[in-house]
>>> print(open('work_5.tsv').read())   # TSV, C-alpha atoms
chain	number	residue	atom	x	y	z
A	10	MET	CA	-189.09	137.25	-79.38
A	11	VAL	CA	-192.21	135.36	-78.27
A	12	LYS	CA	-191.38	132.25	-76.25
A	13	TRP	CA	-193.65	129.28	-75.74
A	14	ARG	CA	-193.58	125.55	-75.09
A	15	TYR	CA	-195.94	122.63	-75.49
A	16	TYR	CA	-195.91	119.22	-73.79
A	17	ASN	CA	-198.18	116.20	-73.74
A	18	PRO	CA	-196.84	112.66	-73.13
A	19	VAL	CA	-200.04	110.63	-73.61
A	20	ARG	CA	-199.93	107.84	-76.20
A	21	ILE	CA	-203.18	108.15	-78.15
A	22	SER	CA	-204.99	105.68	-80.36
A	23	LEU	CA	-208.34	105.65	-82.16
A	24	CYS	CA	-209.77	102.19	-82.75
A	25	ASN	CA	-213.01	100.26	-83.12
A	26	ASN	CA	-212.18	97.59	-80.52
A	27	TRP	CA	-210.96	99.10	-77.26
A	28	ILE	CA	-210.76	95.74	-75.49
A	29	GLU	CA	-208.32	94.43	-78.06
A	30	ARG	CA	-206.20	97.58	-77.75
A	31	ILE	CA	-206.19	97.53	-73.93
A	32	ASN	CA	-205.30	93.85	-73.86
A	33	SER	CA	-202.33	94.65	-76.09
A	34	ILE	CA	-201.22	97.49	-73.80
A	35	ILE	CA	-201.51	95.35	-70.67
A	36	GLU	CA	-199.72	92.40	-72.25
A	37	THR	CA	-196.89	94.54	-73.60
A	38	GLY	CA	-196.35	95.97	-70.13
A	39	GLN	CA	-196.60	92.48	-68.61
A	40	LYS	CA	-199.11	93.69	-66.03
A	41	LYS	CA	-200.53	91.09	-63.65
A	42	LYS	CA	-203.14	92.90	-61.59
A	43	VAL	CA	-205.55	95.30	-63.28
A	44	LEU	CA	-207.99	97.65	-61.56
A	45	LEU	CA	-210.93	98.54	-63.83
A	46	ILE	CA	-212.59	101.80	-62.73
A	47	SER	CA	-215.93	102.74	-64.22
A	48	GLN	CA	-219.49	103.87	-63.56
A	49	LYS	CA	-222.15	101.40	-62.46
A	50	GLU	CA	-224.57	102.45	-65.22
A	51	LEU	CA	-222.09	101.16	-67.82
A	52	SER	CA	-222.28	97.65	-66.29
A	53	PRO	CA	-218.48	97.33	-66.35
A	54	GLN	CA	-218.46	93.86	-64.76
A	55	ARG	CA	-219.20	92.50	-68.26
A	56	TRP	CA	-215.69	93.55	-69.34
A	57	VAL	CA	-213.80	91.77	-66.56
A	58	LYS	CA	-213.82	88.45	-68.40
A	59	ASP	CA	-212.68	90.14	-71.65
A	60	LEU	CA	-209.63	91.61	-69.91
A	61	SER	CA	-208.73	88.60	-67.75
A	62	THR	CA	-206.30	85.80	-68.58
A	63	ASN	CA	-204.79	82.89	-66.69
A	64	LYS	CA	-201.88	85.13	-65.74
A	65	ARG	CA	-203.81	88.35	-65.21
A	66	ARG	CA	-206.34	89.26	-62.54
A	67	VAL	CA	-208.88	92.03	-63.17
A	68	ILE	CA	-210.81	93.66	-60.31
A	69	CYS	CA	-213.68	96.05	-61.02
A	70	TYR	CA	-214.55	99.18	-59.05
A	71	ASP	CA	-217.85	100.62	-60.26
A	72	SER	CA	-218.88	103.02	-57.47
A	73	VAL	CA	-217.74	106.18	-59.26
A	74	GLU	CA	-219.76	109.23	-58.25
A	75	GLU	CA	-220.85	111.84	-60.78
A	76	ASN	CA	-218.70	114.92	-60.15
A	77	PRO	CA	-216.58	112.90	-57.70
A	78	SER	CA	-216.49	114.24	-54.15
A	79	ILE	CA	-213.63	114.09	-51.68
A	80	GLU	CA	-215.46	111.30	-49.90
A	81	SER	CA	-216.10	109.19	-53.01
A	82	CYS	CA	-212.47	109.52	-54.11
A	83	GLN	CA	-211.34	108.39	-50.66
A	84	ILE	CA	-213.57	105.31	-50.95
A	85	ALA	CA	-211.99	104.50	-54.33
A	86	ILE	CA	-208.50	104.96	-52.88
A	87	ASP	CA	-209.32	102.69	-49.93
A	88	PHE	CA	-210.60	100.03	-52.33
A	89	ALA	CA	-207.51	100.29	-54.53
A	90	SER	CA	-205.13	100.10	-51.55
A	91	LYS	CA	-206.29	96.52	-50.95
A	92	ILE	CA	-205.68	95.54	-54.56
A	93	GLN	CA	-202.12	96.78	-55.12
A	94	SER	CA	-202.66	96.89	-58.87
A	95	ASP	CA	-199.91	97.61	-61.39
A	96	CYS	CA	-202.35	98.87	-64.04
A	97	ILE	CA	-205.47	101.04	-63.92
A	98	VAL	CA	-208.01	101.03	-66.74
A	99	ALA	CA	-210.52	103.88	-66.51
A	100	ILE	CA	-213.55	103.72	-68.76
A	101	GLY	CA	-216.37	106.23	-68.61
A	102	GLY	CA	-216.91	109.97	-68.54
A	103	GLY	CA	-214.70	112.53	-66.88
A	104	SER	CA	-215.86	111.42	-63.42
A	105	ALA	CA	-214.49	107.89	-63.93
A	106	ILE	CA	-211.20	109.11	-65.38
A	107	ASP	CA	-210.73	111.75	-62.67
A	108	THR	CA	-211.46	109.18	-59.96
A	109	ALA	CA	-208.89	106.89	-61.56
A	110	LYS	CA	-206.34	109.71	-61.48
A	111	THR	CA	-206.80	110.12	-57.73
A	112	VAL	CA	-206.24	106.38	-57.37
A	113	LYS	CA	-203.11	106.59	-59.51
A	114	ALA	CA	-201.89	109.50	-57.35
A	115	SER	CA	-202.37	107.36	-54.25
A	116	ILE	CA	-200.57	104.34	-55.70
A	117	ILE	CA	-197.53	106.15	-57.09
A	118	SER	CA	-197.06	108.34	-54.00
A	119	LEU	CA	-197.78	105.57	-51.47
A	120	SER	CA	-200.34	107.80	-49.76
A	121	CYS	CA	-203.88	106.71	-48.99
A	122	ASN	CA	-205.23	110.05	-47.74
A	123	ILE	CA	-207.06	112.21	-50.28
A	124	TYR	CA	-206.43	115.37	-48.23
A	125	ASP	CA	-202.67	114.75	-48.30
A	126	LEU	CA	-202.82	114.20	-52.04
A	127	LEU	CA	-204.73	117.45	-52.55
A	128	SER	CA	-202.47	119.54	-50.32
A	129	LYS	CA	-199.04	118.17	-51.19
A	130	GLY	CA	-197.18	117.79	-54.46
A	131	LEU	CA	-196.89	114.24	-55.75
A	132	ILE	CA	-193.55	112.43	-55.59
A	133	LYS	CA	-193.33	109.24	-57.59
A	134	LYS	CA	-192.32	106.33	-55.36
A	135	LYS	CA	-193.93	103.47	-57.25
A	136	ASP	CA	-194.94	102.69	-60.84
A	137	THR	CA	-198.38	102.00	-62.24
A	138	ILE	CA	-199.88	102.75	-65.62
A	139	LEU	CA	-203.21	104.41	-66.37
A	140	ALA	CA	-205.15	103.82	-69.57
A	141	ALA	CA	-208.14	106.14	-70.07
A	142	ILE	CA	-211.04	105.26	-72.35
A	143	PRO	CA	-213.66	108.04	-72.65
A	144	THR	CA	-217.30	107.14	-73.23
A	145	THR	CA	-218.36	110.79	-73.70
A	146	HIS	CA	-216.96	113.41	-76.09
A	147	GLY	CA	-216.38	116.42	-73.88
A	148	THR	CA	-214.03	116.31	-70.91
A	149	GLY	CA	-210.67	115.63	-72.58
A	150	SER	CA	-209.52	114.21	-69.24
A	151	GLU	CA	-207.81	111.36	-71.10
A	152	VAL	CA	-205.01	113.76	-72.11
A	153	THR	CA	-204.77	116.18	-69.16
A	154	PRO	CA	-202.75	116.16	-65.91
A	155	TRP	CA	-205.59	117.15	-63.58
A	156	ALA	CA	-208.33	115.44	-61.61
A	157	THR	CA	-211.29	117.52	-60.49
A	158	VAL	CA	-212.46	116.70	-56.97
A	159	TRP	CA	-215.53	118.40	-55.51
A	160	ASP	CA	-215.85	119.50	-51.89
A	161	LYS	CA	-219.64	119.32	-51.87
A	162	LYS	CA	-220.02	120.17	-48.20
A	163	ASN	CA	-218.16	123.46	-48.52
A	164	LYS	CA	-219.29	124.10	-52.10
A	165	LYS	CA	-215.77	124.22	-53.52
A	166	LYS	CA	-214.10	122.77	-56.59
A	167	LEU	CA	-210.66	121.31	-55.88
A	168	SER	CA	-208.03	120.00	-58.24
A	169	LEU	CA	-205.36	117.35	-58.01
A	170	SER	CA	-202.64	118.54	-60.37
A	171	SER	CA	-199.34	116.98	-61.42
A	172	PRO	CA	-197.53	115.98	-64.63
A	173	LEU	CA	-197.52	112.51	-63.09
A	174	LEU	CA	-201.29	112.34	-63.62
A	175	TYR	CA	-201.23	112.38	-67.39
A	176	PRO	CA	-202.68	109.01	-68.41
A	177	ASP	CA	-200.10	106.81	-70.06
A	178	TYR	CA	-202.56	105.82	-72.77
A	179	ALA	CA	-205.74	107.33	-74.21
A	180	VAL	CA	-207.84	104.87	-76.19
A	181	LEU	CA	-210.71	106.28	-78.23
A	182	ASP	CA	-213.42	103.92	-79.49
A	183	PRO	CA	-216.45	105.66	-81.06
A	184	ASN	CA	-218.56	102.54	-80.48
A	185	LEU	CA	-218.67	103.44	-76.79
A	186	THR	CA	-220.42	106.74	-77.55
A	187	LEU	CA	-223.10	105.48	-79.95
A	188	THR	CA	-225.72	105.07	-77.21
A	189	LEU	CA	-224.91	108.34	-75.42
A	190	PRO	CA	-228.26	110.11	-74.76
A	191	PHE	CA	-229.02	113.25	-76.74
A	192	GLN	CA	-228.86	115.75	-73.87
A	193	LEU	CA	-225.55	114.34	-72.61
A	194	SER	CA	-224.19	114.27	-76.15
A	195	VAL	CA	-224.89	117.98	-76.59
A	196	SER	CA	-223.69	119.05	-73.13
A	197	SER	CA	-220.47	117.06	-73.37
A	198	SER	CA	-219.67	118.56	-76.79
A	199	LEU	CA	-220.36	122.02	-75.36
A	200	ASP	CA	-217.74	121.21	-72.71
A	201	ALA	CA	-215.23	120.52	-75.50
A	202	LEU	CA	-216.24	123.77	-77.20
A	203	SER	CA	-215.63	125.64	-73.95
A	204	HIS	CA	-212.20	124.03	-73.56
A	205	SER	CA	-211.23	125.17	-77.04
A	206	PHE	CA	-212.43	128.75	-76.77
A	207	GLU	CA	-210.84	129.12	-73.36
A	208	ALA	CA	-207.55	127.87	-74.76
A	209	LEU	CA	-207.70	130.57	-77.45
A	210	TRP	CA	-208.28	133.53	-75.12
A	211	ASN	CA	-205.87	132.19	-72.51
A	212	LYS	CA	-202.70	133.88	-71.27
A	213	HIS	CA	-200.87	130.56	-71.65
A	214	SER	CA	-201.89	129.85	-75.25
A	215	ASN	CA	-199.34	128.93	-77.89
A	216	PRO	CA	-199.43	128.18	-81.63
A	217	ILE	CA	-199.88	124.44	-81.07
A	218	SER	CA	-202.73	124.79	-78.56
A	219	ASP	CA	-204.35	127.33	-80.91
A	220	ARG	CA	-204.16	124.89	-83.83
A	221	PHE	CA	-205.81	122.14	-81.77
A	222	ALA	CA	-208.49	124.58	-80.58
A	223	PHE	CA	-209.31	125.79	-84.11
A	224	GLU	CA	-209.74	122.26	-85.42
A	225	SER	CA	-211.79	121.16	-82.40
A	226	ILE	CA	-214.22	124.08	-82.75
A	227	LYS	CA	-214.62	123.38	-86.46
A	228	MET	CA	-215.33	119.69	-85.84
A	229	VAL	CA	-217.88	120.39	-83.09
A	230	PHE	CA	-219.74	122.88	-85.30
A	231	ASN	CA	-219.69	120.59	-88.33
A	232	HIS	CA	-220.77	117.38	-86.64
A	233	LEU	CA	-222.95	118.33	-83.68
A	234	GLN	CA	-225.49	119.75	-86.10
A	235	VAL	CA	-226.21	116.28	-87.52
A	236	LEU	CA	-226.65	114.65	-84.12
A	237	LYS	CA	-230.45	114.81	-84.27
A	238	GLU	CA	-230.54	113.18	-87.69
A	239	ASN	CA	-228.74	110.00	-86.68
A	240	MET	CA	-227.41	109.69	-83.16
A	241	GLN	CA	-225.76	106.36	-83.95
A	242	ARG	CA	-223.80	107.56	-86.95
A	243	TYR	CA	-220.29	106.20	-86.37
A	244	GLU	CA	-218.43	108.88	-88.35
A	245	MET	CA	-220.16	111.68	-86.46
A	246	ARG	CA	-219.38	110.15	-83.07
A	247	SER	CA	-215.78	109.55	-84.14
A	248	SER	CA	-215.42	113.19	-85.14
A	249	LEU	CA	-216.94	114.50	-81.90
A	250	LEU	CA	-214.69	112.18	-79.89
A	251	THR	CA	-211.69	113.50	-81.83
A	252	ALA	CA	-212.86	117.08	-81.29
A	253	SER	CA	-212.97	116.47	-77.55
A	254	LEU	CA	-209.48	114.98	-77.66
A	255	LEU	CA	-208.11	117.97	-79.60
A	256	ALA	CA	-209.73	120.36	-77.11
A	257	GLY	CA	-208.07	118.36	-74.34
A	258	LEU	CA	-204.70	118.62	-76.08
A	259	ALA	CA	-205.24	122.39	-76.29
A	260	PHE	CA	-206.18	123.11	-72.69
A	261	SER	CA	-203.80	120.49	-71.28
A	262	ASN	CA	-201.17	123.21	-71.76
A	263	THR	CA	-203.20	126.37	-71.15
A	264	GLU	CA	-205.52	125.22	-68.34
A	265	THR	CA	-209.13	126.35	-68.38
A	266	GLY	CA	-210.14	129.93	-67.64
A	267	ALA	CA	-213.00	132.24	-66.78
A	268	ALA	CA	-215.86	130.19	-68.26
A	269	HIS	CA	-214.96	127.20	-66.12
A	270	SER	CA	-214.28	129.39	-63.11
A	271	ILE	CA	-217.77	130.88	-63.38
A	272	SER	CA	-219.29	127.44	-63.90
A	273	TYR	CA	-218.16	125.87	-60.63
A	274	PRO	CA	-220.72	127.48	-58.28
A	275	LEU	CA	-223.40	126.93	-60.92
A	276	THR	CA	-222.77	123.19	-60.79
A	277	LEU	CA	-222.16	122.96	-57.04
A	278	ARG	CA	-225.11	125.09	-55.92
A	279	TYR	CA	-227.70	124.47	-58.61
A	280	GLY	CA	-226.74	121.15	-60.16
A	281	ILE	CA	-226.32	122.60	-63.64
A	282	PRO	CA	-224.54	119.94	-65.75
A	283	HIS	CA	-220.89	120.83	-66.16
A	284	GLY	CA	-220.85	121.06	-69.96
A	285	ILE	CA	-223.78	123.46	-69.91
A	286	ALA	CA	-222.53	125.52	-66.97
A	287	CYS	CA	-219.10	126.12	-68.51
A	288	SER	CA	-220.45	126.94	-71.99
A	289	MET	CA	-223.12	129.42	-70.85
A	290	PRO	CA	-220.54	132.23	-70.39
A	291	LEU	CA	-218.89	131.66	-73.80
A	292	ILE	CA	-220.77	134.30	-75.81
A	293	PRO	CA	-220.34	137.10	-73.21
A	294	LEU	CA	-216.65	136.17	-72.87
A	295	LEU	CA	-216.22	136.13	-76.64
A	296	LYS	CA	-217.47	139.71	-76.76
A	297	ILE	CA	-215.14	140.74	-73.91
A	298	ASN	CA	-212.03	139.03	-75.32
A	299	ALA	CA	-212.49	139.55	-79.07
A	300	ASN	CA	-210.35	142.69	-79.40
A	301	ALA	CA	-207.53	141.20	-77.33
A	302	ILE	CA	-207.27	138.19	-79.67
A	303	SER	CA	-208.43	139.80	-82.92
A	304	ASN	CA	-205.82	137.93	-84.99
A	305	LYS	CA	-207.03	134.59	-83.64
A	306	ILE	CA	-210.66	135.52	-84.23
A	307	GLU	CA	-209.84	136.37	-87.85
A	308	ALA	CA	-208.05	133.04	-88.24
A	309	LEU	CA	-210.95	131.16	-86.65
A	310	LEU	CA	-213.50	132.88	-88.89
A	311	ALA	CA	-211.43	131.85	-91.91
A	312	VAL	CA	-211.30	128.23	-90.68
A	313	LEU	CA	-215.07	128.22	-90.18
A	314	GLY	CA	-215.88	130.12	-93.38
A	315	LEU	CA	-217.64	132.91	-91.47
A	316	ASP	CA	-217.55	136.65	-92.07
A	317	SER	CA	-217.91	138.20	-88.62
A	318	ILE	CA	-218.11	137.68	-84.86
A	319	THR	CA	-221.87	138.09	-85.23
A	320	ASP	CA	-221.87	135.02	-87.48
A	321	LEU	CA	-219.74	133.16	-84.94
A	322	ILE	CA	-222.17	133.98	-82.14
A	323	LYS	CA	-225.06	132.78	-84.31
A	324	LYS	CA	-223.15	129.56	-84.92
A	325	ILE	CA	-222.84	128.95	-81.18
A	326	GLU	CA	-226.51	129.79	-80.67
A	327	SER	CA	-227.51	127.37	-83.43
A	328	ILE	CA	-226.02	124.48	-81.44
A	329	ILE	CA	-228.19	125.33	-78.46
A	330	ASP	CA	-231.33	126.08	-80.53
A	331	ASN	CA	-233.87	124.66	-78.07
A	332	ASN	CA	-231.80	121.47	-77.70
A	333	ILE	CA	-231.06	122.15	-74.03
A	334	GLU	CA	-231.99	124.52	-71.22
A	335	PHE	CA	-229.41	127.27	-71.50
A	336	SER	CA	-230.25	130.05	-69.05
A	337	LEU	CA	-229.77	130.26	-65.31
A	338	HIS	CA	-233.41	130.85	-64.43
A	339	LYS	CA	-234.31	127.55	-66.09
A	340	TYR	CA	-232.26	125.80	-63.38
A	341	GLY	CA	-233.93	127.57	-60.48
A	342	VAL	CA	-231.38	130.35	-60.02
A	343	LYS	CA	-232.95	133.54	-58.69
A	344	GLU	CA	-231.72	136.86	-60.02
A	345	GLU	CA	-231.18	138.24	-56.54
A	346	GLU	CA	-228.80	135.36	-55.82
A	347	LEU	CA	-226.31	136.38	-58.53
A	348	PRO	CA	-224.32	138.87	-56.39
A	349	LYS	CA	-224.14	136.26	-53.62
A	350	ILE	CA	-222.29	133.71	-55.76
A	351	LEU	CA	-219.98	136.29	-57.35
A	352	ASP	CA	-216.98	135.57	-55.10
A	353	GLU	CA	-217.26	131.86	-55.86
A	354	CYS	CA	-216.89	132.60	-59.58
A	355	PHE	CA	-213.32	133.81	-59.01
A	356	THR	CA	-211.45	130.51	-58.82
A	357	LYS	CA	-207.73	130.99	-58.24
A	358	GLY	CA	-205.67	129.47	-61.02
A	359	ARG	CA	-208.53	129.73	-63.50
A	360	ILE	CA	-210.12	133.19	-63.65
A	361	GLU	CA	-206.77	134.96	-64.08
A	362	ASN	CA	-205.97	132.85	-67.15
A	363	ASN	CA	-208.38	134.98	-69.16
A	364	ILE	CA	-206.49	137.25	-71.57
A	365	VAL	CA	-208.50	140.25	-70.33
A	366	GLU	CA	-208.51	140.92	-66.60
A	367	LEU	CA	-212.06	140.53	-65.35
A	368	THR	CA	-213.56	142.69	-62.61
A	369	GLU	CA	-216.44	141.78	-60.32
A	370	LYS	CA	-218.64	144.04	-62.44
A	371	ASP	CA	-217.62	142.13	-65.59
A	372	VAL	CA	-218.48	138.76	-64.06
A	373	LEU	CA	-221.75	140.02	-62.60
A	374	ASN	CA	-222.72	141.28	-66.04
A	375	ILE	CA	-221.88	137.85	-67.49
A	376	LEU	CA	-224.15	136.20	-64.92
A	377	LYS	CA	-226.91	138.65	-65.79
A	378	ASP	CA	-226.41	138.00	-69.51
A	379	ILE	CA	-226.89	134.26	-69.06
A	380	TYR	CA	-229.72	134.58	-66.54
>>> encode(input="work_5.tsv", output="structure tokens")
Amino acid sequence: MVKWRYYNPVRISLCNNWIERINSIIETGQKKKVLLISQKELSPQRWVKDLSTNKRRVICYDSVEENPSIESCQIAIDFASKIQSDCIVAIGGGSAIDTAKTVKASIISLSCNIYDLLSKGLIKKKDTILAAIPTTHGTGSEVTPWATVWDKKNKKKLSLSSPLLYPDYAVLDPNLTLTLPFQLSVSSSLDALSHSFEALWNKHSNPISDRFAFESIKMVFNHLQVLKENMQRYEMRSSLLTASLLAGLAFSNTETGAAHSISYPLTLRYGIPHGIACSMPLIPLLKINANAISNKIEALLAVLGLDSITDLIKKIESIIDNNIEFSLHKYGVKEEELPKILDECFTKGRIENNIVELTEKDVLNILKDIY
């Protein structure tokens, strides 16, 4: 008998007025001191007044770093320690939400040292709530229990992981994604696509995560194609935001796998945007894993109305289709450097999630394929 389990405690809502929804959440919880965490380029100070009342104080932290480093997370924690908030509202991309998760970890564990948080399991000693509002449609961080923290000095990707880090609320408002630039729109959706495929060929997959992954892939394929026609089309943005959420619900239980593992040195060493770096290995990995998950591939082809893996590969390629730079040499990677970064592609807790065990030769061939 096959055994499996699925768990995700996040309360999710899709709306067209996130401020109204967040105000309702804060008021219901009778929260008095709110910490708003966001990215400076979103000009988050404009929202402080909308979330403030006579009985509620809102403080804004807008120094979130892209791909947040150990140091930037520590700065956010130090800032938050002076506030003593009982509610965190994170609005932005994955970097803002992940930074907010490190702050939540600090508050609930009564620890203000990022290294302690990364090295020790979290024990809940205090309550605070976290509401996550994504402004991109790729990371799925609003429904996962991890925060990615980058050790940029030592070129390592670290992870803060605990069931306590699931956001309490995920609020999706497509209006926040309408002005997302084209390149970022494509790369963030490719991140969602990677999450979904990795959930399918994952050792920890289950029927529920598979169902979410199938639907997410279908939605990305169907709606990303029309992005060029009208980038401010509300229905398209809503669908891509939902696709990202579904991908998050899938890999929240499986974790990511080989594609993400391979992507980390590509981002750390060469600055390749995360969504692009983690989707580059998808086609080679699809070819490697196809036989091991043949029943899922057949089901996915049926969902997509395709006849073969060749058609599926063409579908993935059609998304790229000169929309973005999608080969390593375009980002300054030299072919002779590939063997040197090989060890860094084997991230513990990620690479071994792949349904097929990958050797160094396999991964080197993947790097050569995407060069």
>>> closest_residue(input="work_5.tsv", among="A:Gly358, A:Pro348, A:Pro143, A:Gly102", to="Leu373 in chain A", atoms="only C-alpha atoms")
A:Pro348
>>> residues_around(input="work_5.tsv", residues="Lys49 in chain A", least_positions_apart="6", cutoff="10 Å", atoms="only C-alpha atoms", output="list in words")
Tyr70, Asp71, Ser72, Val73, Glu74 and Gly101 of chain A
>>> residues_around(input="work_5.tsv", residues="Glu80 in chain A", least_positions_apart="5", cutoff="9 Å", atoms="all atoms listed in the file", output="list in words")
Ala85, Ile123 and Asp160 of chain A
>>> closest_atom_pairs(input="work_5.tsv", of="range 152-232 of chain A", to="range 127-137 of chain A", cutoff="10 Å", atoms="all atoms listed in the file", output="tab-separated table")
residue	atom	partner	partner_atom	distance
A:Ala156	CA	A:Leu127	CA	10.0
A:Val158	CA	A:Leu127	CA	8.9
A:Leu167	CA	A:Leu127	CA	7.8
A:Ser168	CA	A:Leu127	CA	7.1
A:Leu169	CA	A:Leu127	CA	5.5
A:Ser170	CA	A:Gly130	CA	8.1
A:Ser171	CA	A:Leu131	CA	6.8
A:Pro172	CA	A:Leu131	CA	9.1
A:Leu173	CA	A:Leu131	CA	7.6
A:Leu174	CA	A:Leu131	CA	9.2
A:Asp177	CA	A:Thr137	CA	9.3
>>> residues_around(input="work_5.tsv", residues="Asp200 in chain A", least_positions_apart="3", cutoff="8 Å", atoms="all atoms listed in the file", output="VMD selection string")
chain A and resid 147 to 148 196 to 197 203 to 204 283 to 285 287 to 288
>>> residues_around(input="work_5.tsv", residues="Leu209 in chain A", least_positions_apart="2", cutoff="12 Å", atoms="all atoms listed in the file", output="number ranges by chain")
A: 202-207, 211-226, 256, 259-260, 262-266, 291, 294-295, 298-299, 301-306, 308-309, 362-364
>>> closest_residue(input="work_5.tsv", among="A:Ala99, A:Ala201, A:Ile35, A:Leu126", to="Leu51 in chain A", atoms="only C-alpha atoms")
A:Ala99
>>> closest_residue(input="work_5.tsv", among="A:Leu347, A:Ile333, A:Leu321, A:Ile86", to="Val195 in chain A", atoms="all atoms listed in the file")
A:Ile333
>>> residues_around(input="work_5.tsv", residues="Asn231 in chain A", least_positions_apart="4", cutoff="10 Å", atoms="all atoms listed in the file", output="JSON, numbers by chain")
{"A": [225, 226, 227, 235, 245, 248, 249, 313]}
>>> atom_distance(input="work_5.tsv", atom1="CA of Ile375 in chain A", atom2="CA of Met228 in chain A")
26.6 Å
>>> closest_residue(input="work_5.tsv", among="A:Val19, A:Ile297, A:Met289, A:Asp352", to="Asp378 in chain A", atoms="all atoms listed in the file")
A:Met289
>>> closest_residue(input="work_5.tsv", among="A:Thr153, A:Ser253, A:Ser22, A:Ser327", to="Asp182 in chain A", atoms="only C-alpha atoms")
A:Ser22
>>> closest_residue(input="work_5.tsv", among="A:Thr157, A:Gln83, A:Ala109, A:Lys162", to="Cys121 in chain A", atoms="all atoms listed in the file")
A:Gln83
>>> atom_distance(input="work_5.tsv", atom1="CA of Gly341 in chain A", atom2="CA of Pro290 in chain A")
17.3 Å
>>> atom_distance(input="work_5.tsv", atom1="CA of Gly149 in chain A", atom2="CA of Ile106 in chain A")
9.7 Å
>>> axis_aligned_box(input="work_5.tsv", around="range 242-246 of chain A", padding_each_side="5 Å", output="AutoDock Vina command-line options")
--center_x -221.1 --center_y 108.9 --center_z -85.7 --size_x 15.4 --size_y 15.5 --size_z 15.3
>>> decode(input="work_5.tsv", residues="range 242-257 of chain A", atoms="N, CA and C atoms", output="mmCIF file, in the first residue's frame")
data_model
loop_
_atom_site.group_PDB
_atom_site.id
_atom_site.type_symbol
_atom_site.label_atom_id
_atom_site.label_comp_id
_atom_site.auth_asym_id
_atom_site.auth_seq_id
_atom_site.Cartn_x
_atom_site.Cartn_y
_atom_site.Cartn_z
ATOM 1 N N ARG A 242 -3.490 42.812 -18.704
ATOM 2 C CA ARG A 242 -4.748 42.078 -18.716
ATOM 3 C C ARG A 242 -4.964 41.414 -17.357
ATOM 4 N N TYR A 243 -5.986 41.831 -16.652
ATOM 5 C CA TYR A 243 -6.237 41.401 -15.274
ATOM 6 C C TYR A 243 -6.417 39.889 -15.179
ATOM 7 N N GLU A 244 -7.194 39.307 -16.078
ATOM 8 C CA GLU A 244 -7.485 37.870 -16.012
ATOM 9 C C GLU A 244 -6.216 37.038 -16.187
ATOM 10 N N MET A 245 -5.332 37.487 -17.067
ATOM 11 C CA MET A 245 -4.077 36.785 -17.298
ATOM 12 C C MET A 245 -3.199 36.840 -16.065
ATOM 13 N N ARG A 246 -3.075 38.024 -15.474
ATOM 14 C CA ARG A 246 -2.261 38.165 -14.260
ATOM 15 C C ARG A 246 -2.848 37.354 -13.111
ATOM 16 N N SER A 247 -4.162 37.344 -13.000
ATOM 17 C CA SER A 247 -4.818 36.555 -11.955
ATOM 18 C C SER A 247 -4.510 35.077 -12.115
ATOM 19 N N SER A 248 -4.533 34.601 -13.356
ATOM 20 C CA SER A 248 -4.263 33.187 -13.625
ATOM 21 C C SER A 248 -2.805 32.829 -13.330
ATOM 22 N N LEU A 249 -1.869 33.707 -13.714
ATOM 23 C CA LEU A 249 -0.457 33.444 -13.451
ATOM 24 C C LEU A 249 -0.167 33.488 -11.948
ATOM 25 N N LEU A 250 -0.839 34.387 -11.243
ATOM 26 C CA LEU A 250 -0.686 34.466 -9.787
ATOM 27 C C LEU A 250 -1.223 33.193 -9.135
ATOM 28 N N THR A 251 -2.343 32.693 -9.639
ATOM 29 C CA THR A 251 -2.915 31.447 -9.134
ATOM 30 C C THR A 251 -2.016 30.261 -9.465
ATOM 31 N N ALA A 252 -1.438 30.275 -10.666
ATOM 32 C CA ALA A 252 -0.517 29.202 -11.058
ATOM 33 C C ALA A 252 0.683 29.149 -10.128
ATOM 34 N N SER A 253 1.207 30.305 -9.769
ATOM 35 C CA SER A 253 2.333 30.368 -8.835
ATOM 36 C C SER A 253 1.939 29.827 -7.469
ATOM 37 N N LEU A 254 0.740 30.192 -7.026
ATOM 38 C CA LEU A 254 0.229 29.688 -5.750
ATOM 39 C C LEU A 254 0.109 28.169 -5.773
ATOM 40 N N LEU A 255 -0.473 27.616 -6.839
ATOM 41 C CA LEU A 255 -0.653 26.170 -6.942
ATOM 42 C C LEU A 255 0.693 25.451 -6.962
ATOM 43 N N ALA A 256 1.670 26.039 -7.656
ATOM 44 C CA ALA A 256 3.018 25.468 -7.655
ATOM 45 C C ALA A 256 3.593 25.483 -6.241
ATOM 46 N N GLY A 257 3.338 26.573 -5.522
ATOM 47 C CA GLY A 257 3.789 26.659 -4.134
ATOM 48 C C GLY A 257 3.137 25.605 -3.269
#
